[in-house]
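These notes concern the structure reproduced below.
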Number of protein chains: 6
Amino acid sequence: MVKCQDIIDYIEELAPVELAEEWDNIGLLLGGRQRSVSRILVSLDVTSEVLAFAVNKGVDLIVTHHPVIFGKINRICDDDIKGRQLYTAISNGISVLSAHTNLDYADNGVNEQLAAVLGLSGLVNLGRGPGRLGVLSKRMGLEDFISHIKTKLDVPFVRVVGSVASGIYKVGVFSGSFDNDLVTLLESDVDAIVTGDLKYHTALDARQAGLCLVDAGHFATERVILPYLTAGLTERFPEIEVIHFKQEADPFIAY
Amino acid sequence: MVKCQDIIDYIEELAPVELAEEWDNIGLLLGGRQRSVSRILVSLDVTSEVLAFAVNKGVDLIVTHHPVIFGKINRICDDDIKGRQLYTAISNGISVLSAHTNLDYADNGVNEQLAAVLGLSGLVNLGRGPGRLGVLSKRMGLEDFISHIKTKLDVPFVRVVGSVASGIYKVGVFSGSFDNDLVTLLESDVDAIVTGDLKYHTALDARQAGLCLVDAGHFATERVILPYLTAGLTERFPEIEVIHFKQEADPFIAY
Amino acid sequence: MVKCQDIIDYIEELAPVELAEEWDNIGLLLGGRQRSVSRILVSLDVTSEVLAFAVNKGVDLIVTHHPVIFGKINRICDDDIKGRQLYTAISNGISVLSAHTNLDYADNGVNEQLAAVLGLSGLVNLGRGPGRLGVLSKRMGLEDFISHIKTKLDVPFVRVVGSVASGIYKVGVFSGSFDNDLVTLLESDVDAIVTGDLKYHTALDARQAGLCLVDAGHFATERVILPYLTAGLTERFPEIEVIHFKQEADPFIAY
Amino acid sequence: MVKCQDIIDYIEELAPVELAEEWDNIGLLLGGRQRSVSRILVSLDVTSEVLAFAVNKGVDLIVTHHPVIFGKINRICDDDIKGRQLYTAISNGISVLSAHTNLDYADNGVNEQLAAVLGLSGLVNLGRGPGRLGVLSKRMGLEDFISHIKTKLDVPFVRVVGSVASGIYKVGVFSGSFDNDLVTLLESDVDAIVTGDLKYHTALDARQAGLCLVDAGHFATERVILPYLTAGLTERFPEIEVIHFKQEADPFIAY
Amino acid sequence: MVKCQDIIDYIEELAPVELAEEWDNIGLLLGGRQRSVSRILVSLDVTSEVLAFAVNKGVDLIVTHHPVIFGKINRICDDDIKGRQLYTAISNGISVLSAHTNLDYADNGVNEQLAAVLGLSGLVNLGRGPGRLGVLSKRMGLEDFISHIKTKLDVPFVRVVGSVASGIYKVGVFSGSFDNDLVTLLESDVDAIVTGDLKYHTALDARQAGLCLVDAGHFATERVILPYLTAGLTERFPEIEVIHFKQEADPFIAY
Amino acid sequence: MVKCQDIIDYIEELAPVELAEEWDNIGLLLGGRQRSVSRILVSLDVTSEVLAFAVNKGVDLIVTHHPVIFGKINRICDDDIKGRQLYTAISNGISVLSAHTNLDYADNGVNEQLAAVLGLSGLVNLGRGPGRLGVLSKRMGLEDFISHIKTKLDVPFVRVVGSVASGIYKVGVFSGSFDNDLVTLLESDVDAIVTGDLKYHTALDARQAGLCLVDAGHFATERVILPYLTAGLTERFPEIEVIHFKQEADPFIAY
């Protein structure tokens, strides 16, 4: 019988807890270490849709990238969305285990999966954050590069900041939400960076700094970790069912 | 049908939220405002014994003096006692509503109930805290006063600090845990104070200041509020069952 | 002769300084109050393009929405973009006057201009922030509403979060960057809100709360203030030239 | 001639200053390092009784466990108890030297003396605090254990929390005031812990955690250090008189 | 019999405690309110010389401008100067009462005494601090003004910053240590300010701002309060001896 | 062609940046690292007089001891003195490079230059600050020592605190503003210390501690660094003109 603690141990192998940022909330956030686990759901977030699916399928444990509790709480009431979700999970005996910034930084973690999907090789760290820097198989024009990203990440649109005359070869990836450390990019001598959740002032500074940023969305630059987690869990725990929740959808729809 | 919000409204009448200390955590801490309530349990704390009884009796709502969550949390796991209790309550659809320092300060609240049980009259505030000051029906010697307290509060022992030669007439009450503001007592010209949970250094200072303190226990000086809450809820909501959990026991046993 | 102080006085009429958030940096940020002003440029930001234009045209004063210095500095060197811009402005005798959150909150300010452009009437405050709530001339379906926004704000795309089955009539506007106070929206009983710079987690929460948000961009929801400022300055100071810098471009380009 | 500094040096041998908690106030708190010392009084606290005795006996130096000044002061007036005590000591040329948490942690210090009095052997540290863990000479039932404690510590009563069915062999000691780190106890696999000054909420948590705590009082669990200090000073400084103030009394009297 | 509390009450009439800065330490700092007072010494500071005189003369109470304890303390040992002074005062039964920033701000307080000595009339507040602004009986040249100050304050030298071409008529006084709020001076349209304890950077800024500051010393600009205190105490308490300690000397001697 | 960066590199050799206090603001504070430098002005401060001279002489870079920006700023306007100076420097293409506490601590830095001017040898650190301790060539009486200082530092007066009966041989120097760490001096067994900018309370404490301090002024004890900087720059960069601004004047003039 697989226990929740076994899954925790495995996830900590993939994403060591000491890699997490100090402000983060990771690990087992709901449930119990001694509970048995026979069905796992892997998703980016714990949304109402994810929970409805989990309840319906008899899932014991949801493994997520984003922490199900972020910030501290002193009451749990079903009068608001977050309280309702915690109630649903607890009442249905569903545990939640989250690997967040520890998985962003980890070898083969979120940023390295993003780099792999985009076909980058020769990865090194991108400055002081969890991002990575690598090279494409060949230099591309910006139009081709944008098409490449849209195809590989399966997104209907991207938001591009700045431009690059001489083509793109060295590419940085910073999955999720870019932390605005433009100096990191300038020092890294990168042709373009693929990231998500860019704010206007960051974009304005980047354009003036002559950088080229491609915002493919927080969602699309992070969900690339889900197949990796699903495959790893499946291989390590063949006796339990591991489901990748593919129905998860980006909250942003472009018109 | 009575909703949880109806109970909240009534408790806020008894113990207005603006009376609570800033650091406190009061109100509905578990459950939901729109839930229907047909059976209430009234207790000092949410202990495992209280929860077992509540589950067994089909209780919908526990009304307590001590907050079920104290300090903020960022995970809820059944690997520790507090997590296990939250799990039990949530899984069994039990809401928890707490009135703490707001009930200490309130008219007819914890301190005034303690004063009433001890037969004090002519109540005024005792300094800057929630305590009250009143007078006995007649002056008593210390031995008689101690017997009076033990009888009225039904406690097998009290811990006494200091003494009083001229007998006791003016009595302060400070239910629960005394906050050590001895100056308040000196200014109040009190013969003795009945309180709980005294620490050694407070006792030492009090003895040297010539004060007489009777520590009848945190438990015994606060549980006096439970009959008041039970009776009030029963009268206001005749259609629902209100149970006073009389099996609650002081964790301290003297030998 | 018009002095810089005259322009400051007029801008403070439009956007009283006491409306600004405590963390903001507003007013005359570069230049001098006693300088004469004969040519004003009105823009959203002080970018290198804005400065090049200002130098070329002999502009004395740039009036912006975004503060040219944000956060405090302890050196001014032309080795980085911001330092270079300050050098350019100072060396060319160009003053900069910024009205930021005071203009967001002001009557006829940024949010009210956005509401006006979208044809909203009956404006009231939207919760505790600078946003406004109004009604369209008639209820629209979501598709029509999106077209309406794209046309009125002249934007090639918007990012939509959530949906609304019953059509849109009550519309909130929150120009620039939404501050994530979703409770404000829930309490306001709004059909949709038009805003910019939405982050993923805000969007996810909003979708689950059943809200419909339309992110038309930080740039497009704020530049609506520029014609108002330009017209006001022109009318008040007929003897000086006031130029609306229409070449300013959103740093985000969608593909 | 023995100087105060000689006594300080010896006490620092017994209780190295680097062992003290950061918040503590230890060492020479009143008096002067160059003063000659011919008579020392050893006590737990500096109370009015201790001072009266010291003045009467011509004591030069009081060596205490509890700091005579705790918390910082900005005036010394004899209108309150503490000021009056400082005045008495200073006016009578009495120095005060305190060894507090450094003596709690020290080898042969307060906790080890308590363990020795209770007949514990094989001492190791109890978790992260100054407590110690040892074993009795044989397993005892709870009733016998309680009698053993009352006899050895010469206390008329103890307050017991929780119970233990299988008898007591492994015993933790935490002299003075327990710091509530229950996790330490759970990890230490202890049958019972002897401590003092327990608060109600700590007791409640302990009972639910299945722990057995015996509160023998702050006073009784710390005064065990006084014979050790007295004997050590007497042996090291044979030319001076060292008096153990045995008249000190617990401020709590049980009825 | 005059009690210390009587003197406190009188000093609080002259210098109400609510005028003191929040960081200040004022009032009875050593001694006791119920002590009888038959001889008072009035001085600026409690120095070793002041104490030696007080001990020799049998002084009961020293009334000072500068607090005898400044900053909080957690030990009182005669191994350092301050500890030795506290020991001397306490051992000799000498109380100390200090009126500091409350006396700086008070009507007829330190600044108004300084203004009076310099012959200023028509006093108003100087900006936001305790300083005062008044006018001389006639306009003087700078050289004459400097001679006037040296004569009236009986100082052998002053340090002058800046100059003033058109003569001096409006004069600010800021006794003790100037708090560097130059804007206050610029707004006050003052010809010169008399103050003490100026720092280099303040002087440099003042010179560049075109201000004229005369630093007559912290000592000389504050001791002017002593005759006022002495006379007031003498008049109010004719039955006790009040001594103005005229031997106090400025620690700075110019060569 | 010499670039500003070359000068920065050289100054950092003399005064390594890691020596600076954490609160300090050092290095290139105005200008640009890639700018060419053909004329340098060396001064203690950036005053209006310094700037006027620099503009007149076509100076590219001012090297100062005191930072031109101290404390952080969020606007640069010519309505106040500091803003006007920044405007003048920037508009005239003048860079400013400051070496402050790093130069105080450095080998051959400000304190060592002061010691050299005073003829001290055998230098060691004076306590924990940047000061130095050395010995005169022979023991001097205080009067002679004062004359020596006045001659060597070319100052018309000094302010002396305390006295020294046995003559002066061991001398501490603490250039600029003394940081009041009197314990440092007591531990160093020094006969006298030469410093600047002493405050009254420091002087009073020093006199009571039996110390002898000679305050020769912030200005005079720091300007000794200017010839050293001038000579060093001249030698290292023979192709550029380096001007020592000798017209700088102490803001304090004694009468």
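Following the order of the structure tokens, first chain is A, next is B, and so on, with residues numbered from 1 inside each chain and ligands from 1 in the order they appear.
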Who sits within 6 Å of Leu211 (chain C), only C-alpha atoms, same chain under 3 positions skipped, as a PyMOL selection string: chain C and resi 162+206-207
Members of region 58-240 of chain F assigned alpha helix (DSSP H) by DSSP, as a VMD selection string: chain F and resid 81 to 91 101 to 105 110 to 117 142 to 153 182 to 188 200 to 208 218 to 222 225 to 236
As JSON, numbers by chain, please: the residues near Ile193 (chain D) (cut-off 9 Å, only C-alpha atoms, same-chain neighbours under 6 positions excluded). {"D": [133, 170, 171, 172, 173, 174, 185, 211, 212, 213, 214, 215]}
Restricted to N, CA and C atoms, what would the selected residues look like written as a CSV table (one decimal), in the first residue's frame?
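Saved to again-v7.csv:
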chain,number,residue,atom,x,y,z
D,133,LEU,N,16.7,14.9,30.0
D,133,LEU,CA,16.0,13.6,30.0
D,133,LEU,C,16.8,12.6,30.6
D,170,LYS,N,11.2,6.8,31.9
D,170,LYS,CA,11.9,7.9,31.2
D,170,LYS,C,11.3,9.2,31.7
D,171,VAL,N,12.1,10.1,32.3
D,171,VAL,CA,11.5,11.3,32.8
D,171,VAL,C,12.3,12.6,32.3
D,172,GLY,N,11.5,13.5,31.8
D,172,GLY,CA,12.1,14.8,31.4
D,172,GLY,C,12.0,15.8,32.6
D,173,VAL,N,13.0,16.7,32.7
D,173,VAL,CA,12.9,17.8,33.7
D,173,VAL,C,13.1,19.1,32.9
D,174,PHE,N,12.3,20.1,33.3
D,174,PHE,CA,12.3,21.4,32.7
D,174,PHE,C,12.1,22.4,33.8
D,185,LEU,N,8.9,17.2,23.4
D,185,LEU,CA,8.6,16.1,24.3
D,185,LEU,C,8.1,14.9,23.5
D,211,LEU,N,0.4,13.3,26.7
D,211,LEU,CA,1.6,13.5,27.5
D,211,LEU,C,1.2,13.5,29.0
D,212,CYS,N,2.1,13.2,29.9
D,212,CYS,CA,1.9,13.4,31.3
D,212,CYS,C,2.9,14.4,31.8
D,213,LEU,N,2.4,15.5,32.3
D,213,LEU,CA,3.2,16.6,32.9
D,213,LEU,C,2.9,16.7,34.4
D,214,VAL,N,4.0,16.9,35.2
D,214,VAL,CA,3.8,17.1,36.6
D,214,VAL,C,4.4,18.5,36.9
D,215,ASP,N,3.5,19.4,37.2
D,215,ASP,CA,3.9,20.8,37.6
D,215,ASP,C,4.1,20.9,39.1
Where does chain C meet chain F within 9 Å, residue by residue, with the nearest atom pair and distance in Å to one decimal for each, counting only C-alpha atoms, listed by chain and rising number, as CSV?
residue,atom,partner,partner_atom,distance
C:Asn25,CA,F:Asn74,CA,7.3
C:Leu28,CA,F:Arg75,CA,7.5
C:Leu29,CA,F:Arg75,CA,4.4
C:Leu30,CA,F:Ile76,CA,5.0
C:Gly31,CA,F:Cys77,CA,4.7
C:Gly32,CA,F:Asp78,CA,5.0
C:Arg33,CA,F:Asp79,CA,6.6
C:Gln34,CA,F:Asp79,CA,7.8
C:Val68,CA,F:Arg75,CA,8.9
C:Ile69,CA,F:Asn74,CA,6.1
C:Phe70,CA,F:Asn74,CA,7.1
C:Gly71,CA,F:Asn74,CA,6.7
C:Lys72,CA,F:Asn74,CA,4.8
C:Ile73,CA,F:Lys72,CA,5.3
C:Asn74,CA,F:Lys72,CA,4.8
C:Arg75,CA,F:Leu29,CA,4.4
C:Ile76,CA,F:Leu30,CA,5.0
C:Cys77,CA,F:Gly31,CA,4.7
C:Asp78,CA,F:Gly32,CA,5.0
C:Asp79,CA,F:Gly32,CA,5.6
C:Gly83,CA,F:Gly31,CA,8.8
C:Arg84,CA,F:Gly32,CA,9.0
C:Tyr87,CA,F:Ile90,CA,6.6
C:Ile90,CA,F:Ser91,CA,6.3
C:Ser91,CA,F:Ser91,CA,4.4
C:Asn92,CA,F:Ser91,CA,7.7
C:Gly93,CA,F:Ser91,CA,8.1
C:Ser95,CA,F:Cys77,CA,8.5
Env of Leu41 (chain B): 12 Å cut, atoms = only C-alpha atoms, seq-sep filter 2 positions within chain, self excluded. Answer as number ranges by chain. B: 37-39, 43-46, 50-65, 94-98, 226-227, 229-231, 233-234, 240-248
Pick out the residues sitting within 12 Å of Val183 (chain A), and hand them over as a VMD selection string; count only C-alpha atoms, and ignore anything fewer than 3 positions along from it in its own chain. (chain A and resid 126 to 129 179 to 180 186 to 190 202 205 to 206 209 211) or (chain C and resid 80 to 81)
Write out as a PyMOL selection string each polymer residue whose atoms come within 12 Å of Asp144 (chain B), counting only C-alpha atoms; drop sequence neighbours fewer than 4 positions from it. (chain B and resi 138-140+148-151+167-169) or (chain D and resi 255)
Deliver the residues from the most recent selection as a file, using C-alpha atoms, as a short mmCIF file (atom, residue, chain, number, x, y, z; two decimals), in the first residue's frame.
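That gives us again07.cif:
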data_model
loop_
_atom_site.label_atom_id
_atom_site.label_comp_id
_atom_site.auth_asym_id
_atom_site.auth_seq_id
_atom_site.Cartn_x
_atom_site.Cartn_y
_atom_site.Cartn_z
CA LYS B 138 -20.38 41.05 54.00
CA ARG B 139 -16.70 41.17 54.95
CA MET B 140 -15.10 37.71 55.28
CA HIS B 148 -16.61 30.42 49.54
CA ILE B 149 -14.68 30.40 46.26
CA LYS B 150 -14.08 26.65 46.32
CA THR B 151 -17.73 26.02 46.93
CA GLY B 167 -10.72 40.62 55.95
CA ILE B 168 -12.10 40.71 52.44
CA TYR B 169 -14.94 42.85 51.17
CA TYR D 255 -5.85 25.35 49.94
#
Can you tell me which residues surround Glu13 (chain B) at a distance of at most 12 Å, considering only C-alpha atoms, apart from same-chain residues fewer than 5 positions away, and format the answer as a PyMOL selection string? chain B and resi 6-8+18-19+99+102-103+106-109+229+232-233+236
